Every structure is written in structure tokens, then in C-alpha cells.
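A.B. asks: Handing you a structure now.
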Amino acid sequence: MKKLTAILLALVLALSLAAPAFAAPAPDAAPEDIIPISGILDDDLWAEERAYLDAHPGLEEELRAGAYDYFAREYAGYGSPQEYMEYWEMTEEEFLDEMVLYQTWDLIKAEGQQNQMDALKEALGGVPGQIGVMLNGAYVQFPDAIPEVTGGRTMVPVRPIVEALGGQARMEDGKVICEADGVRLTLTPGVSEVLTEYTGGELPGDGQLFPMDCAPYIKGGRTYVPVRFLGEILGYEVGWDGAYQTAQLVNREAVAAKYDEQFTIMNRAKASQTLTLEEGKNYRADLSGGVTVTAFDTLHGDKTYQADLSGKTLINTQAANGAYSVKLSDSTVEGLLELIEAGNYTALTEEEKAALRSTIHGLEELEFIVNRNGLMWVRVPLLDDLMGEDNVWYGLDAGAELAQALFGERKAATIGSALAVLIDVDSVESFPTMVSPAAQLLYELYGDDQFTTAGGVSTRTIGLDDLAALYESMGIYMGGVSDDFTEFELTLKVDQSGRVTTALCMETPRQYDAPAMRITMDTTQSSRSVRLTMDCHVSNVAKVNLTLNQTWNTTTEVPEDQPPEGSTVVDAGTTLNP
């Protein structure tokens, strides 16, 4: 939280600096609240801008000549220049001086930003001022010929880029032969078609000519090809970052695989928790659990609220059904009514209470059906009451994405794949500012080197000292761990099958208006079951106990792919948008 707060504060400060200092308001603003720039033109605040103008002879005259255009572009909502000068009681000379300083400030800011980008580009292996190509987060090196933009297309010397992609390029009978990742491309300079052959086996399009929107050409003895076409036909995502003048090629699977080399233990655990659907088999998950809340009240006595959870899920490769129930204790229902009364600042009548009790109980059960086509139906008892009929189902098109997630080929998500999702192919900065820091943080928490393995069980324990080191690596110094925790220990164990057990005990001190809190939690996860217990004690406020158990097994029960015959089906889209 402190790190996030620091980042947000830095962003706010940066944005405040990005606005022209003492920028004048719209003419209808109150004069007494505004200090016009013309009143402080000789102030030391503008020393840097004046020094910049002195170091660039002729610039002041150039900026003065463009002052009115600058005002029209940047201050369109401030009225005309004449209105602006009249409002601030400025002479034209003072107005021109002011616009010159604003433009100079913009130039200094732009140069500072460019210097920062040049430094980052160089640190990543690129050359400031040159067109660059990044491959999976690192710049490709071009030793004797550099990329260029021709006709709006980024063209690159073919040999260095193909070799960076792990392939080979050669000239043969006036043609360029490129081989990489099981693909052979035959390009002819001056011809905007490429012959594509899949050397790893026949695939759609094998042996066909594909058009390119820019033909290869020879320059300085080097063959140039369009980098987007080359990258995409070899299976890379290709983007363009105009600020860095860089084309970016990304193979998310390759990036994920590289990171995953450091997270084999945690990935083994994640793989064991992924249910693989086999054709012709049905699976059932049984769910049970509950929540108990005890609210402390020294004056009137403690109150206990309880909710019991139960349910089952049926799924195969064609459909999935769910039926869940949350049974609220009478004290819980009455507590909800008290909250409603408190929110309305008025007492409810007995008739209103009866209606609300009925509504609450009508939401305690939920059923759903979803099929491979992405069609979904939902049923709760409250719908029956509203429609005045029995067995009412609301139908909607949940979309192909949900269907693919439920019934498509399930591949266990890995830490590397989660990191690869963070990549923005149109932003050079996404690797150093998002992906790499996240990877480093995850490594310090769950990298293979952080575990101790004995007897086939890998154990990772994170204590207060580990948190302190983590805070330091993240640049969190103010207050540190002692401000956030008086006790912390997380123990994670992963066996060879991927079964995971965790034990957490943490306590936070009282901070400002937030009371002290203590949490203990134990979980066990395997390929067929999940068990969780958690206790949370908030000092002088309440204590909460949560239990959750779920088990998966094969079954002879078959999930329905549509509501049962005789049901009343209502189009949710029509109901919500009449």
C-alpha cells in the first residue's frame, strides 16, 4: 500500500509539473485568486528558462514570432489574446514575453523526457536517434546496417533479425532464404510476395505465395524486409512505439517459458489445481462451508450472525450446471433489516419487514446452466415470485470467451504466462516498468531458490525479516514493516504431486482509526480438493470464522445443456433493456 501510495503521489506531482507554472485561468475566474504570470516575469522562478534562451541564440525571436499560434493551440479556452491581455492588464510586449517563457518551459520539459527515453533505450541495448527493433524485451543488434522507415513501413536488414529470431538467412540465386521456427521463407528483392514452406510438417498455406505490403529491397549490399510481415508470419506479435521509434516483436510463450524456468515449484502446484476435462467424462464438485461473525457489544451483549454455504457443480466438455445455497440464520436476516433501517433513517413497518425477509430468502439459492455455445441460464427463487410462475430461468448469451474458458482445452496458467500478459507490444517501457519489476517481486517471494526441499516437500517460509527485505527492495522506507505488522509468518509447502498446504499468521497494530487485527489461515489444495479455514479477530469490533471445502470426482450424472422441459425462459436482454 505504501509503495502504491508513493507511486500515486509521484504521479500527482509529475502531473502538477506538467502544467505550465502559474497558468492563467479562464477570463471569468476571480482575479483575487490568481497571480498573473506577467506580475512575476522577472522572478527567479524563470531563471532556467532564461538561461536556456541565452544558450540558444535566435530561439527567443523564433518563439516570439509563434506566440499567437502557441496561445491559440494551448489556451483555446482562455478567449482571444486581446481578451487575455485586457483581463490581466498586460501590454502586448508582456504577453509575448509570457508566451516565450511558456514555450521555453515546454522545450525544457520535452528535452528532459527525451533524455530519459534515450537513457532507457540505451540501457536496453538500443541506439538513441535510430530506428530500433526489440525482441522479447531486448534490442536487436544491427552491426553494419540499421533499420529504417520507408513508405511508412519499418524495414530491417534481414540477416540480423532472422538470426535474432533463432534462424538463418542466406542468398541463393538472387533470392533470400530465411529459416526460423520450422518455417522457410523465400523472398525476392523487388517482389512483394514471399514463398512460405513449413519445414516441420505440412500446415495450411504450405508452399503458397503470400503478399507483402512492401517489397524487399537491397541497400548498401544488405537486403531489407518489412519487419511486421516477417515477425507476424513467424508467429510474433508486432507493435510500434512511436516515442522510442521502435518496432517490438513479442512471443509471449517464449517470454513465459523463460520466466517459468525460475518457478517450477509454484507452477507444479498450479498445474495440479487445474481440472482437465476428458471427452465422455462427467465431473462433480461438492461445496460446503460457512461464515460465522460475532459482533462485540459490551453494553447489550455480543451478537452472532451465521451463513451456511452448500452446492454442487456438474461439468463435462459440453455443458456445466451449478446449484448453490446460502442459508442465513434468523439473526443474520434481522441484522440485515436493522442495517436497512439505519440506512433509511426510519423504522420499517411489519409488512415491509415481511416483504424484505421474503426477498432475502428468495436470493439464498442460485442455479445456472451454461453450454458450449456460450448460452447461459440463471434461476433464483425470487424470479418465480416476481413472475408469478414456477421454475423461471433468465437466459443470456454469455459469449464464446466464457464457453472457451469452461470447455476449451485447459492449460494450467503459469507464473510466466501471467507475467507475459503484462506486455504491451506498443510500449517499450512495459518490460522495464511492469514485467521485469513484477517478475523480480514474484521471484523474491516464490522463486525456486527461495524454497528448501527435503523428503520430496519444498517449503517456503516468509517472516517479518523477509518482509523487511522485500520492503527495502521495493523502495519502501518510511515506517517499514513495523508500521504494518507486529507478527507475520507464511509457510508454504508443495509436494511432488503439486499438493499445497499453507499456514498464515499475521497481526497488524492499531493505526489511526483502524483497529488492530489478527488473522490465521490454513489451506490445503490438491488436484481434487480444496480445504480452507480462516479466523479473523478485529480488536474490540468482531471476530470472523470462515470454512470452505470442495471436492472433485468423476460421476455418472450428466449436466443439462438447457433448462428442463416445462420451464419458463425469459430473455434477460429484453427484460433489462425493454
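By convention here, the chains of the C-alpha cells are called A, B, ... in the order presented, each chain's residues are numbered starting at 1, and ligands are numbered starting at 1 in the order presented.
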Determine, counting only C-alpha atoms, which protein, DNA and RNA residues have an atom within 8 Å of an atom of segment 492-509 of chain A; residues of the same chain fewer than 6 positions away are not included. Present the result as a PyMOL selection string.
C.D. replies: chain A and resi 265-266+268-273+456-461+483-486+515-527
A.B. asks: Since we have the selection now, will you write its residues out, keeping N, CA and C atoms, as a PDB file, in the first residue's frame?
C.D. replies:
```pdb
ATOM      1  N   ILE A 265       8.521 -24.941  -8.990  1.00  0.00           N
ATOM      2  CA  ILE A 265       7.796 -25.464  -7.822  1.00  0.00           C
ATOM      3  C   ILE A 265       6.373 -24.908  -7.787  1.00  0.00           C
ATOM      4  N   MET A 266       6.244 -23.589  -7.901  1.00  0.00           N
ATOM      5  CA  MET A 266       4.914 -22.996  -7.866  1.00  0.00           C
ATOM      6  C   MET A 266       4.086 -23.392  -9.085  1.00  0.00           C
ATOM      7  N   ARG A 268       4.254 -26.243 -10.580  1.00  0.00           N
ATOM      8  CA  ARG A 268       3.804 -27.614 -10.321  1.00  0.00           C
ATOM      9  C   ARG A 268       2.529 -27.584  -9.474  1.00  0.00           C
ATOM     10  N   ALA A 269       2.510 -26.672  -8.507  1.00  0.00           N
ATOM     11  CA  ALA A 269       1.320 -26.537  -7.664  1.00  0.00           C
ATOM     12  C   ALA A 269       0.132 -26.052  -8.486  1.00  0.00           C
ATOM     13  N   LYS A 270       0.346 -25.057  -9.353  1.00  0.00           N
ATOM     14  CA  LYS A 270      -0.745 -24.525 -10.157  1.00  0.00           C
ATOM     15  C   LYS A 270      -1.271 -25.572 -11.128  1.00  0.00           C
ATOM     16  N   ALA A 271      -0.382 -26.394 -11.681  1.00  0.00           N
ATOM     17  CA  ALA A 271      -0.804 -27.426 -12.634  1.00  0.00           C
ATOM     18  C   ALA A 271      -1.695 -28.465 -11.963  1.00  0.00           C
ATOM     19  N   SER A 272      -1.392 -28.789 -10.716  1.00  0.00           N
ATOM     20  CA  SER A 272      -2.178 -29.813 -10.020  1.00  0.00           C
ATOM     21  C   SER A 272      -3.585 -29.328  -9.698  1.00  0.00           C
ATOM     22  N   GLN A 273      -3.790 -28.028  -9.722  1.00  0.00           N
ATOM     23  CA  GLN A 273      -5.089 -27.472  -9.365  1.00  0.00           C
ATOM     24  C   GLN A 273      -5.967 -27.209 -10.583  1.00  0.00           C
ATOM     25  N   GLY A 456      11.061 -34.710  -0.538  1.00  0.00           N
ATOM     26  CA  GLY A 456      10.067 -34.517  -1.588  1.00  0.00           C
ATOM     27  C   GLY A 456       9.116 -33.367  -1.351  1.00  0.00           C
ATOM     28  N   VAL A 457       9.334 -32.591  -0.289  1.00  0.00           N
ATOM     29  CA  VAL A 457       8.466 -31.455   0.013  1.00  0.00           C
ATOM     30  C   VAL A 457       9.295 -30.174  -0.006  1.00  0.00           C
ATOM     31  N   SER A 458       8.842 -29.204  -0.790  1.00  0.00           N
ATOM     32  CA  SER A 458       9.519 -27.911  -0.879  1.00  0.00           C
ATOM     33  C   SER A 458       8.794 -26.917   0.025  1.00  0.00           C
ATOM     34  N   THR A 459       9.564 -26.238   0.894  1.00  0.00           N
ATOM     35  CA  THR A 459       8.977 -25.351   1.894  1.00  0.00           C
ATOM     36  C   THR A 459       9.514 -23.938   1.742  1.00  0.00           C
ATOM     37  N   ARG A 460       8.601 -22.994   1.799  1.00  0.00           N
ATOM     38  CA  ARG A 460       8.963 -21.573   1.766  1.00  0.00           C
ATOM     39  C   ARG A 460       8.302 -20.892   2.954  1.00  0.00           C
ATOM     40  N   THR A 461       9.116 -20.268   3.805  1.00  0.00           N
ATOM     41  CA  THR A 461       8.598 -19.531   4.943  1.00  0.00           C
ATOM     42  C   THR A 461       8.967 -18.061   4.796  1.00  0.00           C
ATOM     43  N   ASP A 483       5.421  -0.733  10.985  1.00  0.00           N
ATOM     44  CA  ASP A 483       4.184   0.038  10.947  1.00  0.00           C
ATOM     45  C   ASP A 483       3.006  -0.803  10.475  1.00  0.00           C
ATOM     46  N   ASP A 484       3.289  -1.847   9.709  1.00  0.00           N
ATOM     47  CA  ASP A 484       2.223  -2.644   9.108  1.00  0.00           C
ATOM     48  C   ASP A 484       1.942  -3.944   9.853  1.00  0.00           C
ATOM     49  N   PHE A 485       2.973  -4.537  10.471  1.00  0.00           N
ATOM     50  CA  PHE A 485       2.796  -5.844  11.107  1.00  0.00           C
ATOM     51  C   PHE A 485       3.526  -5.902  12.446  1.00  0.00           C
ATOM     52  N   THR A 486       2.867  -6.501  13.434  1.00  0.00           N
ATOM     53  CA  THR A 486       3.557  -6.857  14.669  1.00  0.00           C
ATOM     54  C   THR A 486       3.930  -8.332  14.640  1.00  0.00           C
ATOM     55  N   PRO A 515      -8.489  -0.395  13.736  1.00  0.00           N
ATOM     56  CA  PRO A 515      -8.148  -1.197  14.917  1.00  0.00           C
ATOM     57  C   PRO A 515      -7.113  -2.256  14.596  1.00  0.00           C
ATOM     58  N   ALA A 516      -6.498  -2.808  15.628  1.00  0.00           N
ATOM     59  CA  ALA A 516      -5.571  -3.917  15.451  1.00  0.00           C
ATOM     60  C   ALA A 516      -6.342  -5.137  14.956  1.00  0.00           C
ATOM     61  N   MET A 517      -5.638  -6.023  14.231  1.00  0.00           N
ATOM     62  CA  MET A 517      -6.310  -7.172  13.641  1.00  0.00           C
ATOM     63  C   MET A 517      -5.349  -8.369  13.620  1.00  0.00           C
ATOM     64  N   ARG A 518      -5.902  -9.555  13.830  1.00  0.00           N
ATOM     65  CA  ARG A 518      -5.112 -10.778  13.778  1.00  0.00           C
ATOM     66  C   ARG A 518      -5.825 -11.789  12.888  1.00  0.00           C
ATOM     67  N   ILE A 519      -5.085 -12.390  11.960  1.00  0.00           N
ATOM     68  CA  ILE A 519      -5.644 -13.365  11.024  1.00  0.00           C
ATOM     69  C   ILE A 519      -4.815 -14.636  11.066  1.00  0.00           C
ATOM     70  N   THR A 520      -5.484 -15.774  11.162  1.00  0.00           N
ATOM     71  CA  THR A 520      -4.831 -17.075  10.992  1.00  0.00           C
ATOM     72  C   THR A 520      -5.588 -17.824   9.906  1.00  0.00           C
ATOM     73  N   MET A 521      -4.857 -18.499   9.034  1.00  0.00           N
ATOM     74  CA  MET A 521      -5.495 -19.209   7.924  1.00  0.00           C
ATOM     75  C   MET A 521      -4.701 -20.457   7.587  1.00  0.00           C
ATOM     76  N   ASP A 522      -5.409 -21.541   7.321  1.00  0.00           N
ATOM     77  CA  ASP A 522      -4.789 -22.798   6.894  1.00  0.00           C
ATOM     78  C   ASP A 522      -5.531 -23.300   5.672  1.00  0.00           C
ATOM     79  N   THR A 523      -4.784 -23.687   4.638  1.00  0.00           N
ATOM     80  CA  THR A 523      -5.393 -24.218   3.422  1.00  0.00           C
ATOM     81  C   THR A 523      -4.657 -25.455   2.956  1.00  0.00           C
ATOM     82  N   THR A 524      -5.400 -26.325   2.287  1.00  0.00           N
ATOM     83  CA  THR A 524      -4.830 -27.496   1.625  1.00  0.00           C
ATOM     84  C   THR A 524      -5.469 -27.585   0.255  1.00  0.00           C
ATOM     85  N   GLN A 525      -4.654 -27.651  -0.788  1.00  0.00           N
ATOM     86  CA  GLN A 525      -5.150 -27.723  -2.158  1.00  0.00           C
ATOM     87  C   GLN A 525      -4.468 -28.860  -2.896  1.00  0.00           C
ATOM     88  N   SER A 526      -5.268 -29.658  -3.582  1.00  0.00           N
ATOM     89  CA  SER A 526      -4.729 -30.725  -4.422  1.00  0.00           C
ATOM     90  C   SER A 526      -5.534 -30.749  -5.705  1.00  0.00           C
ATOM     91  N   SER A 527      -5.276 -31.734  -6.547  1.00  0.00           N
ATOM     92  CA  SER A 527      -5.969 -31.803  -7.826  1.00  0.00           C
ATOM     93  C   SER A 527      -7.455 -32.062  -7.671  1.00  0.00           C
TER      94      SER A 527
END
```
A.B. asks: Extract the full set of helix (DSSP H, G or I) residues from segment 172-296 of chain A according to DSSP on the backbone, and format it as a list in words.
C.D. replies: Val227, Arg228, Phe229, Leu230, Gly231, Glu232, Ile233, Arg252, Glu253, Ala254, Val255, Ala256, Ala257, Lys258, Tyr259, Asp260, Thr264, Ile265, Met266, Asn267, Arg268, Ala269, Lys270, Ala271 and Ser272 of chain A
A.B. asks: Between A:Val183, A:Ala514, A:Ala307, A:Leu339, which one has atoms that come closest to Val544 of chain A, using only C-alpha atoms?
C.D. replies: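 Using only C-alpha atoms, Val544 of chain A sits closest to A:Ala307.
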A.B. asks: Out of A:Gln116, A:Gln450, A:Thr154, A:Asn540, which residue has the shortest atom-to-atom distance to Thr264 of chain A when counting only C-alpha atoms?
C.D. replies: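 Checking each candidate against Thr264 of chain A, we get A:Gln450 as the closest.
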A.B. asks: Check the smallest atom-to-atom distance from each of A:Ser80, A:Asn553, A:Thr223, A:Thr568 to Thr276 of chain A using only C-alpha atoms, then report the winner.
C.D. replies: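 Comparing A:Ser80, A:Asn553, A:Thr223, A:Thr568 against Thr276 of chain A, the winner is A:Asn553.
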A.B. asks: Need to verify the contact set: segment 354-360 of chain A, 12 Å, only C-alpha atoms, exclusion of same-chain residues closer than 4 positions in sequence. Can you return it as an MDAnalysis selection string?
C.D. replies: chainID A and resid 326:338 340:341 348:350 364:365 380:386
A.B. asks: If you run DSSP on the backbone, which residues of segment 256-466 of chain A are strand (DSSP E), as a PyMOL selection string?
C.D. replies: chain A and resi 282-295+303-315+319-328+365-371+375-379+392-397+452-454+457-463
A.B. asks: Could you name the residues that touch Val392 of chain A at 12 Å or less, counting only C-alpha atoms, but leaving out those on the same chain fewer than 3 positions away, as a PDB file with N, CA and C atoms, in the first residue's frame?
C.D. replies:
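Saved to out-v3.pdb:
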```
ATOM      1  N   LEU A 366     -29.310 -20.348  -5.884  1.00  0.00           N
ATOM      2  CA  LEU A 366     -28.933 -19.964  -7.248  1.00  0.00           C
ATOM      3  C   LEU A 366     -28.619 -21.218  -8.058  1.00  0.00           C
ATOM      4  N   GLU A 367     -29.135 -21.257  -9.276  1.00  0.00           N
ATOM      5  CA  GLU A 367     -28.792 -22.323 -10.216  1.00  0.00           C
ATOM      6  C   GLU A 367     -28.366 -21.693 -11.533  1.00  0.00           C
ATOM      7  N   PHE A 368     -27.488 -22.361 -12.234  1.00  0.00           N
ATOM      8  CA  PHE A 368     -27.130 -21.876 -13.565  1.00  0.00           C
ATOM      9  C   PHE A 368     -26.880 -23.053 -14.489  1.00  0.00           C
ATOM     10  N   TRP A 377     -28.214 -19.767 -18.641  1.00  0.00           N
ATOM     11  CA  TRP A 377     -29.485 -19.526 -17.980  1.00  0.00           C
ATOM     12  C   TRP A 377     -29.252 -19.494 -16.471  1.00  0.00           C
ATOM     13  N   VAL A 378     -29.957 -18.601 -15.786  1.00  0.00           N
ATOM     14  CA  VAL A 378     -29.812 -18.440 -14.335  1.00  0.00           C
ATOM     15  C   VAL A 378     -31.193 -18.492 -13.690  1.00  0.00           C
ATOM     16  N   ARG A 379     -31.259 -19.140 -12.529  1.00  0.00           N
ATOM     17  CA  ARG A 379     -32.524 -19.234 -11.808  1.00  0.00           C
ATOM     18  C   ARG A 379     -32.304 -18.968 -10.325  1.00  0.00           C
ATOM     19  N   VAL A 380     -33.140 -18.094  -9.741  1.00  0.00           N
ATOM     20  CA  VAL A 380     -33.209 -17.904  -8.290  1.00  0.00           C
ATOM     21  C   VAL A 380     -34.684 -17.887  -7.921  1.00  0.00           C
ATOM     22  N   PRO A 381     -35.050 -18.380  -6.738  1.00  0.00           N
ATOM     23  CA  PRO A 381     -36.465 -18.419  -6.349  1.00  0.00           C
ATOM     24  C   PRO A 381     -37.162 -17.066  -6.436  1.00  0.00           C
ATOM     25  N   LEU A 382     -36.428 -15.979  -6.211  1.00  0.00           N
ATOM     26  CA  LEU A 382     -37.035 -14.658  -6.266  1.00  0.00           C
ATOM     27  C   LEU A 382     -37.679 -14.389  -7.624  1.00  0.00           C
ATOM     28  N   LEU A 383     -37.081 -14.954  -8.707  1.00  0.00           N
ATOM     29  CA  LEU A 383     -37.639 -14.758 -10.045  1.00  0.00           C
ATOM     30  C   LEU A 383     -39.030 -15.373 -10.137  1.00  0.00           C
ATOM     31  N   ASP A 384     -39.219 -16.531  -9.499  1.00  0.00           N
ATOM     32  CA  ASP A 384     -40.539 -17.157  -9.512  1.00  0.00           C
ATOM     33  C   ASP A 384     -41.573 -16.235  -8.891  1.00  0.00           C
ATOM     34  N   ASP A 385     -41.204 -15.602  -7.764  1.00  0.00           N
ATOM     35  CA  ASP A 385     -42.136 -14.693  -7.097  1.00  0.00           C
ATOM     36  C   ASP A 385     -42.455 -13.485  -7.973  1.00  0.00           C
ATOM     37  N   LEU A 386     -41.414 -12.943  -8.622  1.00  0.00           N
ATOM     38  CA  LEU A 386     -41.618 -11.758  -9.451  1.00  0.00           C
ATOM     39  C   LEU A 386     -42.477 -12.057 -10.669  1.00  0.00           C
ATOM     40  N   MET A 387     -42.283 -13.247 -11.267  1.00  0.00           N
ATOM     41  CA  MET A 387     -43.012 -13.606 -12.483  1.00  0.00           C
ATOM     42  C   MET A 387     -44.354 -14.260 -12.178  1.00  0.00           C
ATOM     43  N   GLY A 388     -44.555 -14.699 -10.930  1.00  0.00           N
ATOM     44  CA  GLY A 388     -45.803 -15.379 -10.575  1.00  0.00           C
ATOM     45  C   GLY A 388     -45.899 -16.754 -11.198  1.00  0.00           C
ATOM     46  N   GLU A 389     -44.764 -17.363 -11.516  1.00  0.00           N
ATOM     47  CA  GLU A 389     -44.725 -18.697 -12.113  1.00  0.00           C
ATOM     48  C   GLU A 389     -43.640 -19.515 -11.422  1.00  0.00           C
ATOM     49  N   GLY A 395     -32.377 -16.180 -19.440  1.00  0.00           N
ATOM     50  CA  GLY A 395     -31.377 -16.609 -20.408  1.00  0.00           C
ATOM     51  C   GLY A 395     -30.597 -15.439 -20.985  1.00  0.00           C
ATOM     52  N   PRO A 563     -32.448 -25.345 -19.951  1.00  0.00           N
ATOM     53  CA  PRO A 563     -33.393 -25.512 -18.845  1.00  0.00           C
ATOM     54  C   PRO A 563     -34.301 -26.722 -19.054  1.00  0.00           C
ATOM     55  N   PRO A 564     -34.747 -27.339 -17.966  1.00  0.00           N
ATOM     56  CA  PRO A 564     -35.615 -28.528 -18.077  1.00  0.00           C
ATOM     57  C   PRO A 564     -36.905 -28.222 -18.840  1.00  0.00           C
ATOM     58  N   GLU A 565     -37.461 -29.240 -19.451  1.00  0.00           N
ATOM     59  CA  GLU A 565     -38.719 -29.091 -20.185  1.00  0.00           C
ATOM     60  C   GLU A 565     -39.812 -28.600 -19.239  1.00  0.00           C
ATOM     61  N   GLY A 566     -40.608 -27.650 -19.701  1.00  0.00           N
ATOM     62  CA  GLY A 566     -41.676 -27.094 -18.883  1.00  0.00           C
ATOM     63  C   GLY A 566     -41.274 -25.833 -18.135  1.00  0.00           C
ATOM     64  N   SER A 567     -39.997 -25.452 -18.229  1.00  0.00           N
ATOM     65  CA  SER A 567     -39.532 -24.236 -17.546  1.00  0.00           C
ATOM     66  C   SER A 567     -40.031 -22.994 -18.279  1.00  0.00           C
ATOM     67  N   THR A 568     -40.091 -21.893 -17.560  1.00  0.00           N
ATOM     68  CA  THR A 568     -40.391 -20.593 -18.163  1.00  0.00           C
ATOM     69  C   THR A 568     -39.071 -19.868 -18.391  1.00  0.00           C
ATOM     70  N   VAL A 569     -38.756 -19.613 -19.660  1.00  0.00           N
ATOM     71  CA  VAL A 569     -37.485 -18.979 -20.008  1.00  0.00           C
ATOM     72  C   VAL A 569     -37.738 -17.532 -20.410  1.00  0.00           C
ATOM     73  N   VAL A 570     -37.014 -16.624 -19.769  1.00  0.00           N
ATOM     74  CA  VAL A 570     -37.155 -15.194 -20.025  1.00  0.00           C
ATOM     75  C   VAL A 570     -35.849 -14.661 -20.594  1.00  0.00           C
ATOM     76  N   ASP A 571     -35.951 -13.879 -21.658  1.00  0.00           N
ATOM     77  CA  ASP A 571     -34.756 -13.270 -22.252  1.00  0.00           C
ATOM     78  C   ASP A 571     -34.293 -12.132 -21.358  1.00  0.00           C
ATOM     79  N   ALA A 572     -33.117 -12.299 -20.729  1.00  0.00           N
ATOM     80  CA  ALA A 572     -32.612 -11.278 -19.810  1.00  0.00           C
ATOM     81  C   ALA A 572     -32.346  -9.965 -20.524  1.00  0.00           C
TER      82      ALA A 572
END
```
A.B. asks: Need the shell around segment 255-262 of chain A: protein/DNA/RNA residues with any atom at most 8 Å away, counting only C-alpha atoms. Skip same-chain ones fewer than 3 positions apart. Format as JSON, numbers by chain?
C.D. replies: {"A": [136, 250, 251, 252, 267, 414, 415, 416, 417, 418, 419, 420, 439, 443, 447, 448, 449]}
A.B. asks: Kindly give the distance, in Å, that separates atom CA of Pro432 of chain A and atom CA of Ala138 of chain A, rounded to a single decimal.
C.D. replies: 10.1 Å
A.B. asks: With only C-alpha atoms as the basis for distance, which of A:Trp46, A:Leu490, A:Ala438, A:Ile177 is at the shortest distance from Ser473 of chain A?
C.D. replies: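 Going through A:Trp46, A:Leu490, A:Ala438, A:Ile177 one by one, the smallest distance to Ser473 of chain A is for A:Ala438.
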